[in-house]
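Have a look at final_21.csv; it's CSV, C-alpha atoms and all ligand atoms:
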```csv
chain,number,residue,atom,x,y,z
A,18,MET,CA,87.3,158.4,208.3
A,19,LEU,CA,86.2,156.8,205.0
A,20,VAL,CA,82.8,155.8,203.9
A,21,ALA,CA,83.4,152.2,202.7
A,22,HIS,CA,80.6,151.5,200.3
A,23,HIS,CA,81.8,154.2,197.8
A,24,ILE,CA,85.1,152.3,197.5
A,25,LEU,CA,83.3,149.0,197.1
A,26,ASP,CA,81.3,150.2,194.2
A,27,LYS,CA,84.4,151.3,192.3
A,28,GLU,CA,86.8,148.4,192.9
A,29,GLY,CA,84.4,145.5,193.8
A,30,THR,CA,84.7,144.0,190.3
A,31,LEU,CA,88.4,143.1,190.6
A,32,MET,CA,89.5,139.5,190.9
A,33,PRO,CA,90.7,138.8,194.5
A,34,TYR,CA,94.3,137.8,194.9
A,35,ARG,CA,94.7,134.1,195.8
A,36,TRP,CA,97.3,134.0,198.6
A,37,PRO,CA,99.3,130.7,199.0
A,38,GLU,CA,98.4,128.6,202.0
A,39,ASP,CA,101.7,129.1,203.8
A,40,THR,CA,101.9,132.9,203.5
A,41,LYS,CA,103.1,134.4,206.8
A,42,PHE,CA,101.3,137.6,207.5
A,43,THR,CA,102.1,140.3,210.1
A,44,ARG,CA,98.7,141.2,211.6
A,45,ILE,CA,97.7,144.8,212.3
A,46,THR,CA,94.4,145.8,213.8
A,47,LEU,CA,93.1,149.2,212.8
A,48,ALA,CA,90.1,151.1,214.3
A,49,VAL,CA,88.1,154.1,213.1
A,50,GLU,CA,89.8,157.2,214.4
A,51,GLU,CA,86.7,158.9,215.7
A,52,GLN,CA,84.5,157.6,218.5
A,53,TRP,CA,81.5,159.8,218.1
A,54,CYS,CA,78.9,160.1,215.3
A,55,ARG,CA,79.4,163.4,213.4
A,56,THR,CA,75.7,163.7,212.8
A,57,CYS,CA,74.1,163.0,216.1
A,58,GLY,CA,77.0,162.9,218.5
A,59,GLY,CA,76.3,159.4,219.8
A,60,ALA,CA,78.9,156.8,220.3
A,61,LEU,CA,79.9,154.8,217.2
A,62,SER,CA,79.9,151.0,217.5
A,63,ILE,CA,81.8,148.3,215.6
A,64,CYS,CA,79.6,146.6,213.1
A,65,ASP,CA,81.9,144.5,211.1
A,66,HIS,CA,85.6,143.6,210.3
A,67,ARG,CA,87.2,143.9,206.9
A,68,HIS,CA,90.3,141.7,206.3
A,69,HIS,CA,92.7,143.3,204.0
A,70,ARG,CA,95.8,141.4,203.0
A,71,VAL,CA,98.6,143.4,201.2
A,72,PHE,CA,102.1,143.0,200.0
A,73,THR,CA,104.7,145.4,201.2
A,74,LEU,CA,108.4,145.4,200.5
A,75,ASN,CA,108.9,144.2,204.1
A,76,GLY,CA,106.5,141.2,203.8
A,77,PRO,CA,102.8,140.6,203.7
A,78,LEU,CA,100.5,142.4,206.1
A,79,HIS,CA,97.1,141.3,207.3
A,80,LEU,CA,95.1,144.5,208.2
A,81,VAL,CA,92.1,143.9,210.3
A,82,CYS,CA,89.9,147.0,209.8
A,83,LYS,CA,87.2,147.5,212.4
A,84,LEU,CA,84.3,149.0,210.6
A,85,ALA,CA,82.0,151.3,212.6
A,86,HIS,CA,78.6,152.8,212.3
A,87,CYS,CA,76.2,154.9,214.3
A,88,PRO,CA,73.8,152.5,216.1
A,89,THR,CA,71.0,155.0,216.4
A,90,ARG,CA,68.4,153.9,213.9
A,91,ALA,CA,66.8,157.4,213.8
A,92,CYS,CA,70.2,159.0,212.8
A,93,PRO,CA,70.5,159.9,209.1
A,94,ALA,CA,74.2,158.6,209.3
A,95,HIS,CA,73.0,155.2,210.5
A,96,PRO,CA,73.3,153.4,207.1
A,97,GLN,CA,76.9,154.6,206.6
A,98,THR,CA,79.7,152.3,207.4
A,99,LEU,CA,82.9,154.0,208.4
A,100,SER,CA,86.4,152.6,207.8
A,101,PRO,CA,89.7,153.4,209.5
A,102,GLU,CA,91.6,156.0,207.6
A,103,ALA,CA,95.0,154.6,208.7
A,104,GLU,CA,94.4,151.7,206.2
A,105,THR,CA,95.0,154.2,203.3
A,106,ALA,CA,98.5,155.0,204.7
A,107,VAL,CA,99.4,151.4,204.0
A,108,ALA,CA,97.4,150.7,200.8
A,109,MET,CA,94.3,151.9,199.1
A,110,PRO,CA,91.3,149.8,200.2
A,111,TRP,CA,91.0,146.7,198.0
A,112,TRP,CA,94.5,147.1,196.6
A,113,VAL,CA,96.7,144.0,197.0
A,114,LEU,CA,100.0,146.1,196.9
A,115,GLY,CA,101.0,148.6,199.5
A,116,TRP,CA,102.1,152.1,198.6
A,117,ASP,CA,105.8,151.2,198.9
A,118,VAL,CA,105.4,148.4,196.3
A,119,VAL,CA,103.4,150.7,193.9
A,120,CYS,CA,106.0,153.4,194.2
A,121,TRP,CA,108.8,150.8,193.7
A,122,LEU,CA,107.0,149.7,190.5
A,123,GLY,CA,106.4,153.2,189.1
A,124,GLN,CA,109.9,154.3,189.7
A,125,ARG,CA,111.5,151.3,188.0
A,126,ARG,CA,109.1,151.4,185.2
A,127,PHE,CA,109.3,155.1,184.4
A,128,ALA,CA,112.6,156.3,185.7
A,129,ARG,CA,114.6,153.1,184.9
A,130,HIS,CA,112.5,151.9,182.0
A,131,TRP,CA,112.2,148.3,183.2
A,132,SER,CA,109.9,146.0,181.3
A,133,VAL,CA,106.9,144.3,182.9
A,134,GLY,CA,108.8,141.0,182.7
A,135,GLN,CA,111.8,142.5,184.5
A,136,LEU,CA,109.6,144.0,187.2
A,137,ARG,CA,107.8,140.7,187.7
A,138,ALA,CA,111.0,138.7,188.0
A,139,GLU,CA,112.6,141.2,190.4
A,140,LEU,CA,109.5,141.3,192.7
A,141,ALA,CA,109.5,137.6,192.9
A,142,ASP,CA,113.2,137.1,193.4
A,143,THR,CA,113.9,139.9,195.9
A,144,TYR,CA,110.6,140.4,197.7
A,145,GLN,CA,108.8,137.1,197.1
A,146,ILE,CA,105.9,139.0,195.6
A,147,ARG,CA,104.4,136.8,192.9
A,148,LEU,CA,102.1,138.7,190.5
A,149,SER,CA,100.8,138.2,187.0
A,150,ALA,CA,101.8,140.5,184.2
A,151,ASP,CA,98.3,142.0,184.0
A,152,ALA,CA,98.3,142.7,187.7
A,153,ILE,CA,101.6,144.6,187.3
A,154,GLU,CA,100.2,146.6,184.4
A,155,THR,CA,97.1,147.4,186.4
A,156,TYR,CA,99.2,148.8,189.3
A,157,ILE,CA,101.5,150.7,186.9
A,158,HIS,CA,98.3,152.4,185.5
A,159,ARG,CA,97.2,153.2,189.1
A,160,TYR,CA,100.6,154.7,189.8
A,161,GLN,CA,100.2,157.0,186.8
A,162,GLN,CA,96.8,158.1,187.9
A,163,MET,CA,98.1,158.9,191.4
A,164,LEU,CA,101.1,160.7,190.0
A,165,ALA,CA,98.9,162.8,187.6
A,166,ALA,CA,96.5,163.6,190.4
A,167,ARG,CA,99.4,164.7,192.6
A,168,ARG,CA,101.0,166.8,190.0
A,169,GLN,CA,97.8,168.5,189.2
A,170,ALA,CA,96.9,169.1,192.9
A,171,PRO,CA,96.6,172.9,193.3
A,172,GLY,CA,98.7,173.0,196.4
A,173,GLN,CA,101.5,171.0,194.8
A,174,LEU,CA,101.4,173.2,191.7
A,175,ALA,CA,101.5,176.5,193.7
A,176,ALA,CA,104.5,175.2,195.6
A,177,ALA,CA,106.3,174.3,192.4
A,178,TYR,CA,105.7,177.7,191.0
A,179,ALA,CA,106.2,179.8,194.1
A,180,ASP,CA,109.5,181.4,192.9
A,181,VAL,CA,108.6,181.5,189.2
A,182,GLU,CA,107.7,185.0,187.9
A,183,SER,CA,106.0,184.0,184.6
A,184,VAL,CA,105.3,180.8,182.7
A,185,ARG,CA,106.1,179.6,179.1
A,186,LEU,CA,103.5,177.2,177.7
A,187,ALA,CA,103.7,174.7,174.9
A,188,ILE,CA,101.1,172.5,173.2
A,189,ASP,CA,101.5,169.6,170.9
A,190,GLY,CA,99.5,166.6,169.6
A,191,LEU,CA,100.8,163.1,169.7
A,192,GLN,CA,99.1,160.5,167.5
A,193,PRO,CA,100.0,157.0,168.5
A,194,GLU,CA,98.5,155.5,165.3
A,195,LYS,CA,96.7,156.8,162.3
A,196,GLY,CA,93.0,156.9,162.8
A,197,HIS,CA,93.3,157.0,166.6
A,198,GLU,CA,92.5,160.0,168.7
A,199,THR,CA,95.3,162.4,169.2
A,200,LEU,CA,96.6,163.2,172.7
A,201,TYR,CA,97.1,166.9,173.2
A,202,VAL,CA,99.6,167.8,175.8
A,203,VAL,CA,100.0,171.2,177.4
A,204,ARG,CA,103.4,171.6,179.0
A,205,GLU,CA,105.0,174.4,181.0
A,206,LEU,CA,108.6,175.0,180.0
A,207,GLU,CA,109.9,177.0,183.0
A,208,ARG,CA,109.4,174.1,185.5
A,209,LYS,CA,109.3,171.4,182.7
A,210,ARG,CA,106.0,170.0,183.9
A,211,VAL,CA,103.1,168.5,181.9
A,212,TRP,CA,100.1,170.5,183.0
A,213,PHE,CA,97.5,168.3,181.5
A,214,ALA,CA,96.7,166.1,178.5
A,215,GLU,CA,93.5,165.4,176.7
A,216,PRO,CA,92.7,163.0,173.9
A,217,LEU,CA,90.8,164.8,171.2
A,218,LEU,CA,89.1,163.1,168.2
A,219,SER,CA,89.7,166.1,166.0
A,220,SER,CA,92.1,168.9,165.8
A,221,ALA,CA,89.3,171.4,165.1
A,222,THR,CA,89.8,174.9,166.4
A,223,THR,CA,86.9,174.7,168.9
A,224,GLU,CA,88.2,171.5,170.6
A,225,VAL,CA,91.7,172.8,170.8
A,226,GLN,CA,90.4,176.1,172.1
A,227,GLN,CA,89.0,174.4,175.2
A,228,LEU,CA,92.5,173.2,176.1
A,229,LEU,CA,93.8,176.8,175.7
A,230,VAL,CA,91.0,178.1,177.9
A,231,GLN,CA,92.0,175.5,180.5
A,232,ALA,CA,95.6,176.6,180.3
A,233,ARG,CA,94.6,180.2,180.8
A,234,VAL,CA,92.6,179.2,183.9
A,235,TRP,CA,95.6,177.3,185.3
A,236,ALA,CA,97.9,180.3,184.8
A,237,GLU,CA,95.3,182.6,186.4
A,238,ARG,CA,94.8,180.3,189.3
A,239,LEU,CA,98.6,180.3,189.9
A,240,GLY,CA,98.7,184.1,189.4
A,241,LYS,CA,101.4,183.9,186.8
A,242,ARG,CA,101.8,185.8,183.6
A,243,VAL,CA,102.1,183.8,180.4
A,244,ARG,CA,105.3,185.1,178.8
A,245,LEU,CA,105.4,182.8,175.7
A,246,TRP,CA,103.6,180.1,173.8
A,247,MET,CA,105.3,177.5,171.7
A,248,SER,CA,103.9,175.1,169.2
A,249,ASP,CA,104.0,174.0,165.7
A,250,LYS,CA,102.2,176.0,163.0
A,251,GLN,CA,99.0,174.0,163.2
A,252,ASP,CA,96.1,176.3,162.3
A,253,ALA,CA,94.1,175.6,165.4
A,254,PHE,CA,97.1,176.5,167.6
A,255,VAL,CA,98.0,179.7,165.7
A,256,ARG,CA,94.4,181.0,165.8
A,257,GLY,CA,93.5,179.6,169.2
A,258,ILE,CA,96.5,181.1,171.0
A,259,ALA,CA,96.0,184.5,169.3
A,260,ALA,CA,92.4,184.5,170.4
A,261,GLU,CA,92.9,183.2,174.0
A,262,PHE,CA,96.2,184.9,174.8
A,263,PRO,CA,96.2,188.3,172.9
A,264,GLY,CA,99.6,190.0,173.0
A,265,VAL,CA,101.5,186.9,174.2
A,266,PRO,CA,104.3,186.0,171.8
A,267,HIS,CA,103.9,182.7,169.9
A,268,ARG,CA,107.1,181.0,168.8
A,269,TYR,CA,107.2,178.1,166.5
A,270,CYS,CA,109.0,175.0,167.6
A,271,ALA,CA,112.6,174.6,166.3
A,272,ASN,CA,112.2,170.9,166.6
A,273,HIS,CA,109.3,170.8,164.1
A,274,PHE,CA,111.3,173.1,161.9
A,275,LEU,CA,114.3,170.7,162.0
A,276,ARG,CA,112.1,167.7,161.3
A,277,ASP,CA,110.7,169.4,158.2
A,278,VAL,CA,114.1,170.4,157.0
A,279,ALA,CA,115.6,167.0,157.7
A,280,LYS,CA,114.0,165.2,154.8
A,281,PRO,CA,115.5,167.3,151.9
A,282,VAL,CA,118.8,167.5,153.8
A,283,LEU,CA,119.0,163.7,154.1
A,284,GLU,CA,117.9,163.2,150.5
A,285,ALA,CA,120.7,165.5,149.2
A,286,ASP,CA,123.1,163.8,151.6
A,287,SER,CA,122.2,160.4,150.2
A,288,ARG,CA,122.7,161.5,146.6
A,289,ALA,CA,126.2,162.9,147.6
A,290,LYS,CA,127.1,159.6,149.2
A,291,VAL,CA,126.2,157.6,146.0
A,292,LYS,CA,128.4,160.0,144.1
A,293,MET,CA,131.3,159.6,146.4
A,294,ARG,CA,131.0,155.8,146.4
A,295,ARG,CA,131.0,155.8,142.6
A,296,THR,CA,134.2,157.9,142.6
A,297,VAL,CA,136.0,155.7,145.2
A,298,ARG,CA,135.6,152.3,143.6
A,299,GLY,CA,137.8,149.5,142.5
A,300,LEU,CA,138.7,148.8,146.2
A,301,ARG,CA,138.0,145.0,145.8
A,302,VAL,CA,140.1,144.8,142.6
A,303,LEU,CA,143.0,146.5,144.3
A,304,GLU,CA,142.8,144.3,147.4
A,305,ARG,CA,142.7,141.2,145.3
A,306,GLU,CA,145.7,142.3,143.3
A,307,VAL,CA,147.7,143.0,146.4
A,308,VAL,CA,146.8,139.7,148.0
A,309,SER,CA,147.6,137.6,144.9
A,310,ALA,CA,150.9,139.5,144.4
A,311,ARG,CA,151.8,138.7,148.0
A,312,ARG,CA,151.0,135.0,147.5
A,313,SER,CA,153.3,134.8,144.5
A,314,THR,CA,156.3,136.2,146.6
A,315,ASP,CA,156.0,132.9,148.5
A,316,LEU,CA,156.8,134.2,152.0
A,317,PRO,CA,157.2,131.6,154.7
A,318,GLY,CA,154.0,131.4,156.7
A,319,LEU,CA,151.9,132.7,153.9
A,320,SER,CA,153.0,130.0,151.4
A,321,LEU,CA,150.6,127.4,150.2
A,322,ALA,CA,153.4,125.4,148.8
A,323,PRO,CA,154.1,121.8,150.1
A,324,LEU,CA,156.1,121.4,153.2
A,325,GLU,CA,159.2,120.1,151.3
A,326,GLU,CA,159.5,123.3,149.3
A,327,ARG,CA,158.8,125.5,152.3
A,328,ARG,CA,161.6,123.9,154.3
A,329,ASP,CA,163.8,125.0,151.3
A,330,THR,CA,162.6,128.5,151.7
A,331,LEU,CA,163.1,128.5,155.5
A,332,LYS,CA,166.8,127.8,155.0
A,333,HIS,CA,167.3,131.0,153.1
A,334,VAL,CA,165.1,133.1,155.3
A,335,GLU,CA,167.7,135.7,156.2
A,336,GLU,CA,169.1,136.1,152.7
A,337,PRO,CA,168.9,139.6,151.1
A,338,GLN,CA,166.1,138.8,148.6
A,339,ASP,CA,163.9,137.5,151.5
A,340,MET,CA,164.5,140.7,153.4
A,341,ALA,CA,163.2,142.6,150.4
A,342,ALA,CA,160.2,140.3,150.3
A,343,ARG,CA,159.5,141.0,154.0
A,344,GLY,CA,159.7,144.8,153.3
A,345,GLU,CA,157.2,144.3,150.5
A,346,ALA,CA,154.9,142.3,152.8
A,347,ALA,CA,154.9,145.3,155.2
A,348,THR,CA,154.0,147.6,152.3
A,349,THR,CA,151.1,145.4,151.2
A,350,ASP,CA,149.9,145.4,154.8
A,351,VAL,CA,149.7,149.2,154.6
A,352,VAL,CA,147.8,149.0,151.4
A,353,LEU,CA,145.3,146.6,152.8
A,354,ASP,CA,144.9,148.7,156.0
A,355,TYR,CA,144.1,151.7,153.8
A,356,CYS,CA,141.5,149.6,151.9
A,357,ALA,CA,139.9,148.5,155.1
A,358,ALA,CA,139.8,152.1,156.4
A,359,VAL,CA,138.2,153.4,153.1
A,360,ARG,CA,135.7,150.5,153.1
A,361,GLY,CA,134.7,151.5,156.7
A,362,ILE,CA,134.2,155.1,155.7
A,363,LEU,CA,132.0,154.1,152.7
A,364,ASN,CA,129.8,151.9,154.8
A,365,ASP,CA,129.2,154.4,157.6
A,366,ASP,CA,125.5,155.4,157.6
A,367,GLN,CA,125.2,156.8,161.1
A,368,GLY,CA,124.0,160.4,161.8
A,369,GLY,CA,121.0,162.6,161.4
A,370,PRO,CA,120.2,165.8,159.6
A,371,LEU,CA,122.5,167.8,161.9
A,372,HIS,CA,125.5,165.4,161.3
A,373,PRO,CA,124.8,164.1,157.8
A,374,PRO,CA,126.7,160.9,157.1
A,375,GLY,CA,127.8,162.1,153.7
A,376,LEU,CA,129.5,165.1,155.2
A,377,ARG,CA,131.4,162.9,157.5
A,378,MET,CA,132.2,160.6,154.6
A,379,ALA,CA,133.7,163.5,152.6
A,380,GLU,CA,135.8,164.6,155.6
A,381,ALA,CA,137.1,161.1,156.3
A,382,LEU,CA,138.0,160.5,152.6
A,383,GLY,CA,139.8,163.8,152.6
A,384,GLU,CA,141.8,162.7,155.6
A,385,VAL,CA,142.7,159.4,153.8
A,386,GLN,CA,143.8,161.4,150.8
A,387,ALA,CA,146.0,163.7,152.9
A,388,SER,CA,147.5,160.7,154.6
A,389,LEU,CA,148.4,159.1,151.2
A,390,GLN,CA,149.8,162.4,150.1
A,391,ARG,CA,152.0,162.6,153.2
A,392,ASN,CA,153.3,159.1,152.5
A,393,LEU,CA,154.1,159.9,148.9
A,394,GLU,CA,156.0,163.1,149.9
A,395,ALA,CA,157.9,161.1,152.6
A,396,LYS,CA,158.9,158.6,149.9
A,397,LYS,CA,160.1,161.4,147.6
A,398,GLY,CA,162.2,162.7,150.4
A,399,GLY,CA,163.9,159.3,150.6
A,400,LEU,CA,162.6,158.4,154.0
A,401,LEU,CA,161.1,155.2,152.8
A,402,ALA,CA,164.0,154.4,150.5
A,403,THR,CA,164.2,150.7,151.5
A,404,ASP,CA,160.5,150.1,150.8
A,405,SER,CA,160.3,152.3,147.7
A,406,ARG,CA,160.2,149.3,145.4
A,407,GLY,CA,156.7,148.5,146.7
A,408,TRP,CA,155.2,152.0,146.2
A,409,PRO,CA,154.8,152.6,142.5
A,410,ASP,CA,152.5,149.6,142.1
A,411,THR,CA,150.2,150.4,145.0
A,412,SER,CA,150.0,154.1,144.5
A,413,THR,CA,148.9,153.9,140.9
A,414,GLY,CA,146.1,151.6,142.2
A,415,GLY,CA,144.9,154.4,144.6
A,501,ZN,ZN,74.5,159.2,214.5
```

Encoding of this model in structure tokens:
Amino acid sequence: MLVAHHILDKEGTLMPYRWPEDTKFTRITLAVEEQWCRTCGGALSICDHRHHRVFTLNGPLHLVCKLAHCPTRACPAHPQTLSPEAETAVAMPWWVLGWDVVCWLGQRRFARHWSVGQLRAELADTYQIRLSADAIETYIHRYQQMLAARRQAPGQLAAAYADVESVRLAIDGLQPEKGHETLYVVRELERKRVWFAEPLLSSATTEVQQLLVQARVWAERLGKRVRLWMSDKQDAFVRGIAAEFPGVPHRYCANHFLRDVAKPVLEADSRAKVKMRRTVRGLRVLEREVVSARRSTDLPGLSLAPLEERRDTLKHVEEPQDMAARGEAATTDVVLDYCAAVRGILNDDQGGPLHPPGLRMAEALGEVQASLQRNLEAKKGGLLATDSRGWPDTSTGG
């Protein structure tokens, strides 16, 4: 049983949804579950009908809710209008979306990170539910409210913590933009749940203290010992937790520590990269030399000479000096490959403070150097005897 006028006050200001003329509804009639007045015991009578049209994933529904009241004028319950409770199993009164659509929206938005545009298109294409972007945003907001209410419900919470011996709590403030109020979030780390969040205009100790009191009340209500607190070293947290949770260890967040240490690390890394780039230079000059040297050997296919001359070259293609030229071309390919690899290494800027790009750059350059060294040693051993003519030029360049 629901008392209808309370709901009307709250949601009565919303724009009604305009259904297209040809919408095909499935009609369901719902009646108030009770037959007798709770106050005087007399029979309730139907006083009105409310027509509630909603989208569900299985098509539009037309709920005909038979509203009832106590007809006895002398009964104090007489002015109240009662509404069938079964309606709320399909949708909240005055909502245009059924629970299934609201859950569908929330799951796609928050678990799959779909955008409002994507949600809108998918609802229209697959379910023929046509909504404006604002309407979708409104319902996503409602989904969040319902989710928060459910997660904070004492029964739900007690069930989630039934087999947990003690809890570990964390508090942090998130400021979306400078000058805006900061959202303080209290999380529990054992079950990884957000317990509650409050926007606070200041980070003053007294305001933060209220959140810590609330956290203590929650833990007490659950009957769980607080084993640990975790936060950054904000003054209000340090003092507040010591006051509200005497004897509970307070650890400072490693994430904040890393963030603070990241700046100097990345600055040092950036200086190291500049130094390395300065050492390994002349790459372009080397490449240009190799390419122009190759052009002058006038290999078929690479030649820019007129067709007549090229035909001349083609005739001699298998002669010994051409074989040597081909060997040299292979060598210059190797040099250009090395140049490309080194350029790739010097341009690599990826990685955070735990994997500084400069460190990776140093390692990669070391590998290139080792590779060059292996080639030089192989040459000395005579393995590259046929190509040896090409090596002195290129290795001096490196
Ligand atoms: Zn009555």

Closest to ligand ZN 501 (chain A) among A:Phe42, A:Tyr156, A:Trp53, A:Trp36, using all atoms listed in the file?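 Among A:Phe42, A:Tyr156, A:Trp53, A:Trp36, it is A:Trp53 that comes nearest to ligand ZN 501 (chain A).
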
So, counting all atoms listed in the file, which residue among A:Ala358, A:Leu186, A:Ala150, A:Ala94 is closest to ligand ZN 501 (chain A)?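 With all atoms listed in the file as the atom set, the closest residue is A:Ala94.
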
Taking only C-alpha atoms and all ligand atoms into account, which residues are within 7 Å of ligand ZN 501 (chain A), as a tab-separated table (two decimals) with C-alpha atoms, in the frame of the given file?
```tsv
chain	number	residue	atom	x	y	z
A	54	CYS	CA	78.90	160.10	215.30
A	55	ARG	CA	79.40	163.40	213.40
A	56	THR	CA	75.70	163.70	212.80
A	57	CYS	CA	74.10	163.00	216.10
A	58	GLY	CA	77.00	162.90	218.50
A	59	GLY	CA	76.30	159.40	219.80
A	87	CYS	CA	76.20	154.90	214.30
A	88	PRO	CA	73.80	152.50	216.10
A	89	THR	CA	71.00	155.00	216.40
A	92	CYS	CA	70.20	159.00	212.80
A	93	PRO	CA	70.50	159.90	209.10
A	94	ALA	CA	74.20	158.60	209.30
A	95	HIS	CA	73.00	155.20	210.50
```

One decimal, Å: what's the distance from CA of Glu224 (chain A) over to CA of Glu194 (chain A), could you say?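 Computing it gives 19.8 Å between the two atoms.
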
Quick one: distance from CA of Cys270 (chain A) to CA of Arg256 (chain A) in Å, one decimal?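 If I compute the distance from CA of Cys270 (chain A) to CA of Arg256 (chain A), I get 15.9 Å.
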